[in-house]
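First up is the structure itself, then whatever we jot down about it.
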Amino acid sequence: MSRALAEYEYMSFDDFEEALADKPRNERWELIGGRVVRLMVGARWEHAAIVRNIAFGLESAFRAAGSGCQTFTETFYMKEKKLDAQLLPDVMVVCGDLEPGATSTGEPVVLVEVLSIGTEARDRLEKWAVYQRLPSLRHYVLVTRDRAHVEVFSRRDGEWAGMKVVDGLDATLELDALGVTLPLAEIYRRVF
């Protein structure tokens with residue numbers, strides 16, 4: 001076993017569930033394909049602003065359209081036992097009703113991660129390896145924190161159709177599965 005692999009802690013979905021009950025309040029953990037990842041608590045203000053702007057833009061569009069979709073940010077788990085995954089995406093869109101008291105879903109339609117130096121490799125590789133196997137997922141969006149640059153992976157007719165780059169404050173992110181567009185100027189509002 002390589003030294004890097006030896007440094008990681010692996011756990012089953014069920015064992016992770018039990019461990020979550022005992023984790024310290026000031027810690028956030030994810031399970032990515034069986035690997036336990038302890039997350040940073042707190043982030044740069046730009047990250048928080050971008051997450052808030054995306055969630056607000058999506059939620060406003062859903063309300064205006066009378067949509068049954070809703071957004072969740074950073075504390076609502078995406079869980080899928082078959083994939084040994086319990087993840088906290090920056091923004092998650094769920095369409096349809098949730099059970100009362102739910103703290104997670106396994107059926108996101110859109111997942112958004114805001115990239116930082118510390119999370120970019122994990123978001124692009126490990127999380128994407130899990131996310132693309134979710135049958136309900138239609139868009140995976142990677143948002144660069146330090147410049148107006150967004151990458152979106154879209155599933156069409158059951159197949160991932162590659163990545164589209166949306167660049168610059170004059171550009172618009174299109175999420176056709178939701179019938180929603182978000183101007184990058186709004187995503188990065190008060191950040192740049």
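Residue numbering restarts at 1 in every chain; chains get A, B, ... in the order shown in the structure tokens, and ligands count up from 1 in that same order.
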For this session: For A:Gly106, please output as a ChimeraX atom specification all residues within 7 Å (counting only C-alpha atoms; exclusion window: fewer than 3 positions along the same chain).
Result: /A:78-80
For this session: Report as JSON, numbers by chain: the residues of stretch 20-171 of chain A with a DSSP assignment of strand (DSSP E), based on the backbone of this structure.
Result: {"A": [28, 29, 30, 31, 32, 35, 36, 37, 38, 39, 69, 70, 71, 72, 73, 77, 78, 79, 80, 85, 86, 87, 91, 92, 93, 94, 95, 104, 105, 110, 111, 112, 113, 114, 115, 139, 140, 141, 142, 143, 144, 149, 150, 151, 152, 153, 154, 155, 156, 159, 160, 161, 162, 163, 164, 165, 166, 167]}
Contacts of A:His139 at 9 Å or less, counting only C-alpha atoms, minus same-chain residues fewer than 6 places along, as an mmCIF file with N, CA and C atoms, in the first residue's frame?
data_model
loop_
_atom_site.group_PDB
_atom_site.id
_atom_site.type_symbol
_atom_site.label_atom_id
_atom_site.label_comp_id
_atom_site.auth_asym_id
_atom_site.auth_seq_id
_atom_site.Cartn_x
_atom_site.Cartn_y
_atom_site.Cartn_z
ATOM 1 N N VAL A 109 -30.538 17.046 -8.036
ATOM 2 C CA VAL A 109 -30.630 17.313 -9.473
ATOM 3 C C VAL A 109 -29.426 18.148 -9.908
ATOM 4 N N VAL A 110 -28.994 19.052 -9.040
ATOM 5 C CA VAL A 110 -27.815 19.893 -9.308
ATOM 6 C C VAL A 110 -26.954 19.918 -8.051
ATOM 7 N N LEU A 111 -25.642 19.805 -8.253
ATOM 8 C CA LEU A 111 -24.673 19.964 -7.171
ATOM 9 C C LEU A 111 -23.657 21.004 -7.594
ATOM 10 N N VAL A 112 -23.321 21.891 -6.649
ATOM 11 C CA VAL A 112 -22.370 22.976 -6.913
ATOM 12 C C VAL A 112 -21.276 22.923 -5.867
ATOM 13 N N VAL A 152 -19.448 23.592 -16.055
ATOM 14 C CA VAL A 152 -20.657 22.818 -15.785
ATOM 15 C C VAL A 152 -20.636 21.524 -16.603
ATOM 16 N N PHE A 153 -20.842 20.418 -15.898
ATOM 17 C CA PHE A 153 -21.003 19.111 -16.519
ATOM 18 C C PHE A 153 -22.503 18.846 -16.568
ATOM 19 N N SER A 154 -23.001 18.417 -17.718
ATOM 20 C CA SER A 154 -24.439 18.196 -17.876
ATOM 21 C C SER A 154 -24.704 16.802 -18.416
ATOM 22 N N ARG A 155 -25.760 16.202 -17.896
ATOM 23 C CA ARG A 155 -26.194 14.880 -18.353
ATOM 24 C C ARG A 155 -27.394 15.086 -19.266
ATOM 25 N N LEU A 175 -28.703 26.217 -16.680
ATOM 26 C CA LEU A 175 -29.003 24.914 -16.090
ATOM 27 C C LEU A 175 -30.318 24.447 -16.707
ATOM 28 N N ASP A 176 -30.212 23.860 -17.903
ATOM 29 C CA ASP A 176 -31.409 23.537 -18.668
ATOM 30 C C ASP A 176 -32.310 22.506 -18.000
ATOM 31 N N ALA A 177 -31.754 21.637 -17.157
ATOM 32 C CA ALA A 177 -32.587 20.663 -16.448
ATOM 33 C C ALA A 177 -33.569 21.348 -15.507
#
Exercise. Restricting the calculation to only C-alpha atoms, which member of A:Ser12, A:Gln132, A:Thr181, A:Thr119 is positioned closest to A:Gln86?
Worked result: A:Ser12
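For A:Val51, the non-local neighbours within 8 Å, defined as residues at least 6 positions apart in the same chain or in other chains and counting only C-alpha atoms, are A:Thr73, A:Asp90, A:Val91, A:Val114.
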Taking all heavy atoms for each residue, export the selection above as a JSON list (two decimals), in the first residue's frame.
[["chain", "number", "residue", "atom", "x", "y", "z"],
["A", 73, "THR", "N", -27.67, 24.41, 1.38],
["A", 73, "THR", "CA", -26.27, 24.83, 1.37],
["A", 73, "THR", "C", -25.50, 24.23, 2.52],
["A", 73, "THR", "O", -25.93, 24.30, 3.67],
["A", 73, "THR", "CB", -26.14, 26.37, 1.43],
["A", 73, "THR", "OG1", -26.76, 26.84, 2.61],
["A", 73, "THR", "CG2", -26.74, 27.04, 0.21],
["A", 90, "ASP", "N", -21.54, 22.42, -1.55],
["A", 90, "ASP", "CA", -21.74, 23.83, -1.22],
["A", 90, "ASP", "C", -23.18, 24.25, -1.50],
["A", 90, "ASP", "O", -23.80, 24.94, -0.70],
["A", 90, "ASP", "CB", -20.76, 24.70, -1.99],
["A", 90, "ASP", "CG", -19.33, 24.53, -1.49],
["A", 90, "ASP", "OD1", -19.15, 24.34, -0.27],
["A", 90, "ASP", "OD2", -18.40, 24.56, -2.30],
["A", 91, "VAL", "N", -23.71, 23.83, -2.64],
["A", 91, "VAL", "CA", -25.13, 24.08, -2.97],
["A", 91, "VAL", "C", -25.68, 22.80, -3.59],
["A", 91, "VAL", "O", -25.03, 22.18, -4.43],
["A", 91, "VAL", "CB", -25.30, 25.25, -3.97],
["A", 91, "VAL", "CG1", -26.77, 25.47, -4.31],
["A", 91, "VAL", "CG2", -24.68, 26.54, -3.43],
["A", 114, "VAL", "N", -17.80, 25.21, -4.79],
["A", 114, "VAL", "CA", -16.98, 26.40, -4.98],
["A", 114, "VAL", "C", -15.55, 25.99, -4.70],
["A", 114, "VAL", "O", -15.24, 25.50, -3.60],
["A", 114, "VAL", "CB", -17.44, 27.56, -4.06],
["A", 114, "VAL", "CG1", -16.53, 28.77, -4.24],
["A", 114, "VAL", "CG2", -18.90, 27.91, -4.34]]
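The spacing separating atom CA of A:Lys127 from atom CA of A:Val36 amounts to 12.3 Å.
If you look at atom CA of A:Phe56 and atom CA of A:Gln70, they are 10.3 Å away from each other.
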Exercise. Just asking: which residues within stretch 112-171 of chain A are alpha helix (DSSP H) according to DSSP, as a ChimeraX atom specification?
Worked result: /A:120-121,128-131
For this session: Measure the distance from atom CA of A:Ala65 to atom CA of A:Pro183 in Å and round it to one decimal.
Result: 17.3 Å
Problem set entry | Nearest-residue call for A:Lys81, choices A:Ile32, A:Ala49, A:Leu137, A:Leu20, using only C-alpha atoms | A:Ile32
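Using only C-alpha atoms, the nearest neighbour of A:Gly118 within the list A:Ala102, A:Cys69, A:Leu31, A:Leu39 is A:Leu39.
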